[in-house]
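Chemist: Dropping in input06.cif, with mmCIF, C-alpha atoms and all ligand atoms.
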```cif
data_query
#
loop_
_atom_site.label_atom_id
_atom_site.label_comp_id
_atom_site.auth_asym_id
_atom_site.auth_seq_id
_atom_site.Cartn_x
_atom_site.Cartn_y
_atom_site.Cartn_z
CA MET A 1 70.11 27.14 -197.77
CA THR A 2 72.10 24.17 -196.45
CA ARG A 3 75.88 24.26 -196.77
CA ILE A 4 77.23 20.77 -197.46
CA LEU A 5 80.89 19.79 -197.59
CA ILE A 6 81.88 16.51 -199.21
CA THR A 7 85.18 14.68 -198.84
CA GLY A 8 86.64 12.53 -201.63
CA SER A 9 84.88 14.53 -204.35
CA ASN A 10 87.22 13.06 -207.02
CA GLY A 11 85.92 9.55 -206.28
CA LEU A 12 83.00 7.56 -207.69
CA LEU A 13 80.39 8.62 -205.15
CA GLY A 14 82.04 12.03 -204.74
CA ASN A 15 81.49 12.84 -208.42
CA ARG A 16 77.85 11.83 -208.28
CA LEU A 17 77.31 13.93 -205.15
CA VAL A 18 78.87 16.96 -206.84
CA GLU A 19 76.56 16.56 -209.85
CA GLN A 20 73.41 16.20 -207.77
CA LEU A 21 74.27 18.86 -205.20
CA ARG A 22 75.36 21.62 -207.55
CA ALA A 23 72.07 21.29 -209.42
CA ARG A 24 70.07 22.18 -206.29
CA ASN A 25 69.22 25.75 -205.40
CA ASP A 26 68.75 24.97 -201.69
CA VAL A 27 72.35 23.78 -201.22
CA GLU A 28 75.72 25.51 -201.21
CA LEU A 29 78.38 22.93 -202.03
CA ILE A 30 81.99 22.76 -200.85
CA ALA A 31 83.76 19.89 -202.63
CA THR A 32 87.05 18.65 -201.16
CA SER A 33 89.47 15.89 -202.13
CA LEU A 34 93.15 15.03 -202.16
CA GLY A 35 95.06 17.41 -204.48
CA ALA A 36 93.44 19.16 -207.42
CA ASP A 37 89.82 18.95 -208.58
CA ARG A 38 89.75 16.48 -211.49
CA ARG A 39 86.31 17.42 -212.80
CA PRO A 40 86.43 18.95 -216.30
CA ASP A 41 83.54 21.37 -215.52
CA PRO A 42 84.24 22.87 -212.09
CA THR A 43 81.22 25.16 -211.93
CA GLY A 44 78.43 25.58 -209.41
CA TYR A 45 80.52 24.76 -206.33
CA THR A 46 83.63 25.74 -204.41
CA TYR A 47 86.59 23.35 -204.49
CA GLU A 48 89.13 23.15 -201.70
CA PRO A 49 91.94 20.56 -201.45
CA MET A 50 91.66 18.75 -198.12
CA ASP A 51 93.64 15.75 -196.91
CA VAL A 52 91.36 14.08 -194.39
CA THR A 53 94.30 12.37 -192.68
CA LEU A 54 95.67 15.75 -191.55
CA GLU A 55 93.82 17.03 -188.49
CA GLN A 56 94.86 20.65 -189.05
CA SER A 57 93.71 20.57 -192.66
CA VAL A 58 90.28 19.23 -191.60
CA THR A 59 89.91 21.77 -188.78
CA ASP A 60 91.01 24.72 -190.94
CA VAL A 61 88.64 23.90 -193.80
CA CYS A 62 85.69 23.30 -191.45
CA GLN A 63 86.41 26.54 -189.59
CA ARG A 64 86.64 28.52 -192.82
CA PHE A 65 83.49 27.14 -194.50
CA ARG A 66 81.35 26.22 -191.44
CA PRO A 67 79.25 23.60 -193.26
CA ASP A 68 75.92 22.42 -191.82
CA ALA A 69 76.73 18.86 -192.85
CA ILE A 70 79.68 16.80 -194.13
CA ILE A 71 79.26 13.75 -196.38
CA HIS A 72 82.46 11.75 -195.83
CA THR A 73 83.23 9.49 -198.81
CA ALA A 74 87.06 9.55 -198.83
CA ALA A 75 88.51 6.18 -197.86
CA LEU A 76 90.95 3.45 -198.74
CA THR A 77 88.42 1.19 -200.49
CA GLN A 78 90.56 -1.57 -202.05
CA VAL A 79 90.30 -4.64 -199.85
CA ASP A 80 93.61 -6.19 -200.96
CA VAL A 81 95.56 -2.94 -200.54
CA ALA A 82 94.11 -2.50 -197.05
CA GLU A 83 95.32 -5.98 -196.13
CA GLN A 84 98.83 -5.28 -197.40
CA GLN A 85 99.03 -1.78 -195.87
CA PRO A 86 97.09 -1.96 -192.58
CA ALA A 87 98.69 1.15 -191.08
CA ARG A 88 97.77 3.27 -194.11
CA CYS A 89 94.27 1.80 -193.99
CA ARG A 90 93.86 2.72 -190.32
CA ILE A 91 95.10 6.28 -190.85
CA LEU A 92 92.68 6.91 -193.71
CA ASN A 93 89.64 4.86 -192.66
CA VAL A 94 89.73 5.43 -188.89
CA GLY A 95 92.12 8.30 -188.09
CA ALA A 96 90.46 10.64 -190.59
CA VAL A 97 87.06 9.92 -189.08
CA ALA A 98 88.42 10.88 -185.66
CA HIS A 99 89.56 14.24 -187.13
CA LEU A 100 86.14 14.79 -188.71
CA VAL A 101 84.33 13.90 -185.48
CA GLY A 102 86.51 16.45 -183.66
CA ALA A 103 85.71 19.19 -186.19
CA CYS A 104 82.00 18.31 -186.17
CA ALA A 105 81.95 18.55 -182.37
CA GLN A 106 83.76 21.90 -182.44
CA PHE A 107 81.54 23.51 -185.11
CA GLY A 108 78.18 21.70 -184.63
CA ILE A 109 78.31 19.89 -187.98
CA HIS A 110 76.15 16.86 -188.87
CA LEU A 111 78.33 14.00 -190.22
CA VAL A 112 77.12 11.50 -192.84
CA HIS A 113 79.72 8.74 -192.97
CA LEU A 114 80.05 6.10 -195.70
CA SER A 115 80.52 2.50 -194.58
CA THR A 116 80.26 -0.92 -196.18
CA ASP A 117 78.68 -4.38 -196.26
CA PHE A 118 82.19 -5.65 -195.43
CA VAL A 119 81.51 -4.88 -191.75
CA PHE A 120 79.67 -8.24 -191.90
CA ASN A 121 81.15 -11.72 -192.44
CA GLY A 122 78.58 -12.61 -195.09
CA LEU A 123 77.33 -15.76 -193.42
CA ALA A 124 73.88 -14.39 -192.62
CA GLY A 125 72.94 -11.89 -195.35
CA PRO A 126 70.80 -9.99 -196.10
CA TYR A 127 71.45 -7.85 -193.05
CA GLU A 128 69.47 -5.33 -191.01
CA GLU A 129 71.00 -2.20 -189.50
CA CYS A 130 70.69 -3.48 -185.93
CA GLU A 131 72.78 -6.62 -186.42
CA PRO A 132 76.24 -6.76 -184.76
CA THR A 133 79.24 -6.20 -187.02
CA THR A 134 81.45 -9.23 -187.78
CA PRO A 135 84.26 -8.01 -190.10
CA ILE A 136 86.74 -10.53 -191.55
CA SER A 137 89.26 -8.21 -193.29
CA THR A 138 91.45 -5.24 -192.40
CA TYR A 139 89.20 -3.06 -194.57
CA GLY A 140 86.02 -4.32 -192.86
CA ARG A 141 87.53 -3.93 -189.39
CA SER A 142 88.64 -0.37 -190.17
CA LYS A 143 85.15 0.60 -191.31
CA ALA A 144 83.57 -1.05 -188.24
CA ALA A 145 86.04 0.84 -186.01
CA ALA A 146 85.08 4.12 -187.67
CA GLU A 147 81.40 3.40 -187.03
CA GLN A 148 82.25 2.80 -183.38
CA LEU A 149 83.94 6.22 -183.21
CA LEU A 150 80.65 7.79 -184.23
CA ARG A 151 78.62 5.74 -181.75
CA ASP A 152 81.03 6.82 -178.98
CA SER A 153 80.82 10.49 -179.94
CA THR A 154 78.33 13.17 -178.95
CA ILE A 155 77.95 14.63 -182.45
CA SER A 156 74.95 14.32 -184.77
CA TRP A 157 75.75 11.47 -187.21
CA ALA A 158 74.41 9.03 -189.76
CA VAL A 159 76.20 5.99 -191.17
CA VAL A 160 75.36 4.83 -194.71
CA ARG A 161 76.43 1.26 -195.38
CA THR A 162 76.47 0.37 -199.04
CA ILE A 163 77.41 -2.48 -201.42
CA LEU A 164 79.40 -2.78 -204.67
CA VAL A 165 78.74 0.67 -206.10
CA TYR A 166 78.55 1.14 -209.88
CA GLY A 167 78.00 4.18 -212.08
CA LYS A 168 79.26 6.23 -214.97
CA GLU A 169 83.03 6.52 -215.32
CA VAL A 170 84.66 9.35 -213.37
CA PRO A 171 87.57 11.45 -214.64
CA GLY A 172 90.84 9.80 -213.58
CA GLY A 173 88.97 7.36 -211.34
CA ARG A 174 89.23 3.62 -210.85
CA LEU A 175 87.13 1.34 -213.07
CA ASN A 176 83.95 0.27 -211.33
CA ILE A 177 82.69 -3.31 -211.75
CA LEU A 178 80.55 -2.63 -214.86
CA HIS A 179 83.33 -0.92 -216.79
CA TRP A 180 85.84 -3.54 -215.66
CA ALA A 181 83.51 -6.30 -216.91
CA ALA A 182 82.90 -4.49 -220.22
CA ARG A 183 86.64 -4.05 -220.72
CA VAL A 184 87.59 -7.70 -220.10
CA LEU A 185 84.64 -8.99 -222.16
CA ARG A 186 85.60 -6.80 -225.12
CA SER A 187 89.28 -7.74 -224.88
CA GLY A 188 88.53 -11.48 -224.73
CA GLU A 189 91.38 -11.94 -222.25
CA PRO A 190 90.80 -15.01 -220.05
CA VAL A 191 89.49 -14.12 -216.62
CA GLN A 192 88.25 -16.02 -213.57
CA VAL A 193 85.19 -14.70 -211.77
CA VAL A 194 83.69 -15.99 -208.53
CA GLU A 195 80.21 -17.45 -208.56
CA ASP A 196 79.89 -17.91 -204.79
CA GLN A 197 79.98 -14.26 -203.68
CA PHE A 198 76.53 -12.69 -203.67
CA ARG A 199 75.92 -8.94 -203.61
CA MET A 200 73.14 -6.38 -204.14
CA PRO A 201 74.95 -3.83 -206.39
CA THR A 202 74.16 -0.17 -205.79
CA TYR A 203 73.56 2.46 -208.47
CA ASP A 204 75.61 5.51 -207.47
CA GLU A 205 72.78 7.96 -208.28
CA ASP A 206 70.51 6.16 -205.76
CA LEU A 207 73.26 6.19 -203.14
CA ALA A 208 74.04 9.89 -203.67
CA ARG A 209 70.35 10.82 -203.29
CA ALA A 210 70.11 8.91 -200.00
CA CYS A 211 73.28 10.56 -198.62
CA ILE A 212 71.98 14.03 -199.54
CA ASP A 213 68.64 13.29 -197.88
CA LEU A 214 70.40 12.24 -194.68
CA ALA A 215 72.55 15.38 -194.74
CA ILE A 216 69.73 17.84 -195.34
CA LYS A 217 67.30 16.24 -192.87
CA ARG A 218 70.08 15.65 -190.31
CA GLU A 219 68.80 12.08 -189.94
CA GLN A 220 70.63 10.05 -187.32
CA GLY A 221 71.60 6.39 -187.03
CA ILE A 222 72.67 3.61 -189.36
CA PHE A 223 71.05 3.21 -192.80
CA HIS A 224 71.46 0.34 -195.26
CA ILE A 225 71.46 1.53 -198.89
CA CYS A 226 71.87 -0.82 -201.87
CA GLY A 227 70.20 -2.00 -205.07
CA LYS A 228 67.12 -4.22 -205.17
CA ASP A 229 68.59 -7.20 -207.09
CA GLU A 230 70.90 -9.89 -205.72
CA VAL A 231 73.48 -11.44 -208.07
CA ASN A 232 76.72 -13.32 -207.73
CA ILE A 233 79.72 -11.72 -209.42
CA TYR A 234 79.78 -14.22 -212.31
CA GLU A 235 76.08 -13.51 -212.95
CA LEU A 236 76.79 -9.79 -212.88
CA VAL A 237 79.50 -10.14 -215.55
CA GLY A 238 77.02 -12.29 -217.51
CA ARG A 239 74.40 -9.52 -217.29
CA VAL A 240 76.95 -7.04 -218.68
CA ALA A 241 77.84 -9.49 -221.50
CA ARG A 242 74.17 -9.97 -222.45
CA HIS A 243 73.57 -6.23 -222.29
CA LEU A 244 76.45 -5.52 -224.65
CA GLY A 245 75.86 -8.54 -226.90
CA LEU A 246 79.24 -10.08 -225.98
CA GLY A 247 80.13 -13.73 -225.35
CA MET A 248 81.20 -15.20 -222.02
CA GLU A 249 83.70 -17.68 -223.55
CA SER A 250 86.71 -16.01 -221.93
CA VAL A 251 85.10 -15.87 -218.46
CA ARG A 252 85.53 -18.92 -216.22
CA PRO A 253 83.33 -19.26 -213.12
CA VAL A 254 85.36 -20.22 -210.06
CA SER A 255 84.77 -20.55 -206.34
CA SER A 256 86.34 -18.21 -203.81
CA SER A 257 88.73 -20.92 -202.66
CA ASP A 258 90.35 -20.85 -206.14
CA LEU A 259 91.46 -17.23 -205.75
CA PRO A 260 94.03 -15.57 -203.49
CA MET A 261 92.76 -13.50 -200.56
CA ALA A 262 89.21 -14.73 -201.15
CA GLU A 263 88.77 -15.23 -197.41
CA LEU A 264 88.73 -11.43 -197.09
CA ARG A 265 85.44 -11.20 -198.97
CA PRO A 266 82.12 -12.14 -197.35
CA PRO A 267 80.20 -14.82 -199.30
CA ARG A 268 76.70 -13.30 -199.12
CA THR A 269 76.01 -9.78 -197.93
CA GLY A 270 72.91 -7.87 -199.09
CA PHE A 271 70.80 -5.54 -197.01
CA ARG A 272 67.20 -5.35 -195.90
CA LEU A 273 65.99 -1.93 -196.99
CA ASN A 274 62.87 -1.50 -194.83
CA LYS A 275 64.35 1.32 -192.73
CA ALA A 276 65.60 3.32 -195.73
CA LYS A 277 62.28 2.82 -197.49
CA SER A 278 60.18 3.99 -194.55
CA ARG A 279 62.44 6.82 -193.26
CA LEU A 280 63.83 8.14 -196.59
CA ASN A 281 61.28 6.89 -199.14
CA TYR A 282 64.29 5.09 -200.66
CA GLU A 283 63.31 3.18 -203.79
CA PRO A 284 66.32 1.88 -205.74
CA VAL A 285 66.25 1.31 -209.49
CA SER A 286 66.52 -2.20 -210.91
CA LEU A 287 69.88 -3.55 -212.03
CA GLU A 288 68.53 -3.58 -215.60
CA PHE A 289 67.80 0.16 -215.37
CA GLY A 290 71.26 0.79 -213.89
CA LEU A 291 72.98 -1.19 -216.67
CA THR A 292 71.17 0.83 -219.33
CA SER A 293 71.96 4.15 -217.62
CA VAL A 294 75.65 3.33 -217.34
CA LEU A 295 76.34 1.25 -220.46
CA GLY A 296 73.66 2.57 -222.83
CA PRO A 297 70.69 0.67 -224.29
CA SER A 298 70.90 -3.13 -224.37
CA VAL A 299 71.82 -4.50 -227.82
CA SER A 300 69.11 -7.14 -227.43
CA GLY A 301 66.56 -4.45 -226.57
CA SER A 302 65.53 -6.41 -223.44
N1 LIG A 401 82.75 1.57 -204.29
C1 LIG A 401 82.17 0.58 -203.64
O1 LIG A 401 81.84 -0.47 -204.23
C2 LIG A 401 81.86 0.72 -202.16
C3 LIG A 401 81.19 -0.33 -201.49
C4 LIG A 401 80.92 -0.19 -200.15
C5 LIG A 401 81.28 0.95 -199.46
N2 LIG A 401 81.92 1.96 -200.12
C6 LIG A 401 82.31 3.16 -199.37
O2 LIG A 401 81.79 4.30 -200.04
C7 LIG A 401 82.70 5.39 -199.94
C8 LIG A 401 82.95 5.98 -201.32
O3 LIG A 401 83.50 4.98 -202.16
P1 LIG A 401 83.99 5.33 -203.65
O4 LIG A 401 83.83 4.08 -204.45
O5 LIG A 401 83.36 6.59 -204.12
O6 LIG A 401 85.54 5.53 -203.37
P2 LIG A 401 86.64 6.07 -204.38
O7 LIG A 401 86.12 6.12 -205.77
O8 LIG A 401 87.88 5.29 -204.11
O9 LIG A 401 86.83 7.57 -203.89
C9 LIG A 401 87.50 7.90 -202.72
C10 LIG A 401 88.12 9.26 -202.93
O10 LIG A 401 88.79 9.64 -201.74
C11 LIG A 401 89.97 10.32 -202.12
N3 LIG A 401 90.98 10.27 -201.07
C12 LIG A 401 91.90 9.30 -200.82
N4 LIG A 401 92.68 9.65 -199.80
C13 LIG A 401 92.27 10.87 -199.39
C14 LIG A 401 92.70 11.75 -198.38
N5 LIG A 401 93.71 11.44 -197.57
N6 LIG A 401 92.05 12.93 -198.24
C15 LIG A 401 91.02 13.25 -199.05
N7 LIG A 401 90.55 12.45 -200.04
C16 LIG A 401 91.19 11.28 -200.20
C17 LIG A 401 90.46 9.56 -203.34
O11 LIG A 401 91.35 10.41 -204.05
P3 LIG A 401 92.16 9.88 -205.33
O12 LIG A 401 91.09 9.65 -206.37
O13 LIG A 401 93.05 11.04 -205.63
O14 LIG A 401 92.84 8.63 -204.91
C18 LIG A 401 89.17 9.27 -204.06
O15 LIG A 401 88.86 10.28 -205.00
C19 LIG A 401 83.94 4.85 -199.23
O16 LIG A 401 83.89 5.24 -197.89
C20 LIG A 401 83.81 3.34 -199.34
O17 LIG A 401 84.41 2.68 -198.24
C21 LIG A 401 82.21 1.87 -201.46
#
```
Any chance you could put this one into structure tokens?
Modeler:
Amino acid sequence: MTRILITGSNGLLGNRLVEQLRARNDVELIATSLGADRRPDPTGYTYEPMDVTLEQSVTDVCQRFRPDAIIHTAALTQVDVAEQQPARCRILNVGAVAHLVGACAQFGIHLVHLSTDFVFNGLAGPYEECEPTTPISTYGRSKAAAEQLLRDSTISWAVVRTILVYGKEVPGGRLNILHWAARVLRSGEPVQVVEDQFRMPTYDEDLARACIDLAIKREQGIFHICGKDEVNIYELVGRVARHLGLGMESVRPVSSSDLPMAELRPPRTGFRLNKAKSRLNYEPVSLEFGLTSVLGPSVSGS
């Protein structure tokens, strides 16, 4: 039996981890997040409120539950907010990781830490794990700094970098890109979408499985985890429109230079997945499969 503690369990990835982990009979799950548990069916796991920015809170919870591994998903993930509130970003994205590293060192816990494609500037994607980080935003710099904390530590750790995560809606959570696209397409409200930012969107079920594998096997090092298809954001909205049988009349393709704060977003990220495939047998689903799982069957049947 492996005891796994996750942070940020109310979030997008956190919810998927709870669903996958509580279904396993070889895992005991401790879910933690800020404030109350927002899941409507809180069965099959223990929930404990834990603010990762408070060192004492992290130490107390780790001492009480003594997990074998922590999957750390909690973060400030909105790029624009991070830019406007750099101190808050640093406390949550770097300071919290320092607290977790301290607790992992004290109690011998393996740490699986979530990071991002935004540690790269997007001028040379798709990227391999060994390439140097080149962040261009406060968010990207904070995530790169957190990775450095792990490299400088003596604990057992894995970093999972991922890209534009999508999945089913979570209770009280932010809209992910697919639901945002579906909402604006249905409303017909005019919207501008960039066609010069390329990503390999990640299905949250694939990402959760990879994180769990890394936690249970205590795998170490950096792992790139994303989907298999590359699209620009305008194409992605177009795929959602086609899937739902909606028109794209209200969606105007624009370049990054037309939008504010576009310089914070790397033009082309994407990951090479050879390491994840060989070490974890990672095989992501296609974007088409992900769209159907999240939005239901395509109206065109394709
Ligand atoms: N989503 C993406 O497209 C994407 C892409 C690349 C990398 N990542 C990385 O993947 C990880 C998971 O992302 P996600 O999309 O699942 O994020 P998310 O949906 O924003 O979830 C993060 C969760 O952390 C919680 N949280 C915030 N502050 C906290 C605190 N002080 N203590 C404890 N919990 C706190 C949030 O609580 P509230 O819900 O109450 O605010 C939220 O539920 C992050 O590390 C992110 O940087 C995500």
Chemist: Which residues of chain A have any atom within 7 Å of an atom in ligand LIG 401 (chain A) when counting all atoms listed in the file, and what is the closest pair of atoms for each, with the distance in Å to one decimal? Order the rows by chain and rising number and write it as a Markdown table.
Modeler:
```
| residue | atom | partner | partner_atom | distance |
| --- | --- | --- | --- | --- |
| A:Thr7 | CA | A:LIG401 | N7 | 5.9 |
| A:Gly8 | CA | A:LIG401 | O10 | 3.6 |
| A:Ser9 | CA | A:LIG401 | O15 | 5.9 |
| A:Asn10 | CA | A:LIG401 | O15 | 3.8 |
| A:Gly11 | CA | A:LIG401 | O9 | 3.2 |
| A:Leu12 | CA | A:LIG401 | O5 | 3.7 |
| A:Leu13 | CA | A:LIG401 | O5 | 3.7 |
| A:Gly14 | CA | A:LIG401 | O5 | 5.6 |
| A:Ser33 | CA | A:LIG401 | N7 | 4.2 |
| A:Leu34 | CA | A:LIG401 | C15 | 4.2 |
| A:Gly35 | CA | A:LIG401 | O13 | 6.8 |
| A:Met50 | CA | A:LIG401 | C15 | 5.6 |
| A:Asp51 | CA | A:LIG401 | N6 | 3.5 |
| A:Val52 | CA | A:LIG401 | N6 | 4.1 |
| A:Thr53 | CA | A:LIG401 | N5 | 5.0 |
| A:His72 | CA | A:LIG401 | O16 | 7.0 |
| A:Thr73 | CA | A:LIG401 | C7 | 4.3 |
| A:Ala74 | CA | A:LIG401 | O10 | 3.4 |
| A:Ala75 | CA | A:LIG401 | O16 | 4.7 |
| A:Leu76 | CA | A:LIG401 | C12 | 6.3 |
| A:Thr77 | CA | A:LIG401 | O17 | 4.8 |
| A:Leu92 | CA | A:LIG401 | N5 | 6.0 |
| A:Leu114 | CA | A:LIG401 | O16 | 4.5 |
| A:Ser115 | CA | A:LIG401 | C6 | 5.2 |
| A:Thr116 | CA | A:LIG401 | C5 | 3.9 |
| A:Asp117 | CA | A:LIG401 | C4 | 6.1 |
| A:Arg161 | CA | A:LIG401 | C5 | 6.3 |
| A:Thr162 | CA | A:LIG401 | C4 | 4.6 |
| A:Ile163 | CA | A:LIG401 | C3 | 4.3 |
| A:Leu164 | CA | A:LIG401 | O1 | 3.4 |
| A:Val165 | CA | A:LIG401 | O1 | 3.8 |
| A:Tyr166 | CA | A:LIG401 | O1 | 6.7 |
| A:Gly173 | CA | A:LIG401 | O12 | 5.9 |
| A:Arg174 | CA | A:LIG401 | O7 | 6.5 |
```
Chemist: A:Glu195, A:Glu129, A:Glu235, A:Asp206: which is nearest Leu259 of chain A, counting all atoms listed in the file?
Modeler: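 With all atoms listed in the file as the atom set, the closest residue is A:Glu195.
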Chemist: Give the answer as one residue: which of A:Asp68, A:Asp26, A:Glu288, A:Glu147 has the shortest atom-to-atom distance to Val240 of chain A, using all atoms listed in the file?
Modeler: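 That would be A:Glu288, the residue with the smallest distance to Val240 of chain A.
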Chemist: How far is it from atom CA of Ala181 of chain A to atom CA of Pro126 of chain A, in Å with one decimal?
Modeler: 24.7 Å
Chemist: Which neighbours of Tyr47 of chain A fall inside 6 Å, counting all atoms listed in the file, when residues of the same chain fewer than 2 positions from it are skipped, and could you give them as a list in words?
Modeler: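 These residues fall inside the cut-off: Ile30, Ala31 and Thr32 of chain A.
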Chemist: Can you spit out the residues from that selection as a PDB file, in the coordinates of the input, using C-alpha atoms?
Modeler:
```pdb
ATOM      1  CA  ILE A  30      81.990  22.760-200.850  1.00  0.00           C
ATOM      2  CA  ALA A  31      83.760  19.890-202.630  1.00  0.00           C
ATOM      3  CA  THR A  32      87.050  18.650-201.160  1.00  0.00           C
TER       4      THR A  32
END
```
Chemist: In the coordinate frame of the file, compute which residues have an atom within 8 Å of (80.6, 2.0, -215.1) when using all atoms listed in the file, and state them as a list in words.
Modeler: Tyr166, Gly167, Lys168, Glu169, Leu175, Asn176, Ile177, Leu178, His179, Trp180, Val294 and Leu295 of chain A
Chemist: With all atoms listed in the file as the atoms that count, which of A:Val94, A:Leu291, A:Val79, A:Ala146 lies nearest to Met261 of chain A?
Modeler: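 Of the candidates, the smallest distance to Met261 of chain A is held by A:Val79.
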Chemist: With all atoms listed in the file as the atoms that count, which of A:Ser255, A:Asn25, A:Ser300, A:Asn93 lies nearest to Ala144 of chain A?
Modeler: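 Closest residue, counting all atoms listed in the file: A:Asn93.
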Chemist: At what distance in Å, to one decimal, does atom CA of Thr46 of chain A lie from atom CA of Ala105 of chain A?
Modeler: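 So the two atoms, atom CA of Ala105 of chain A and atom CA of Thr46 of chain A, lie 23.2 Å apart.
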Chemist: Which residue is closest to Arg199 of chain A? Choose from A:Glu230, A:Glu263, A:Glu219, A:Glu28 and count all atoms listed in the file.
Modeler: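 So, comparing all the options, the nearest one is A:Glu230.
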Chemist: With only C-alpha atoms as the counted atoms, please give the residues lying no more than 10 Å from Asp213 of chain A, apart from itself and same-chain residues fewer than 6 positions off, as a list in words.
Modeler: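 Everything that qualifies: Leu207, Glu219, Leu280, Asn281 and Tyr282 of chain A.
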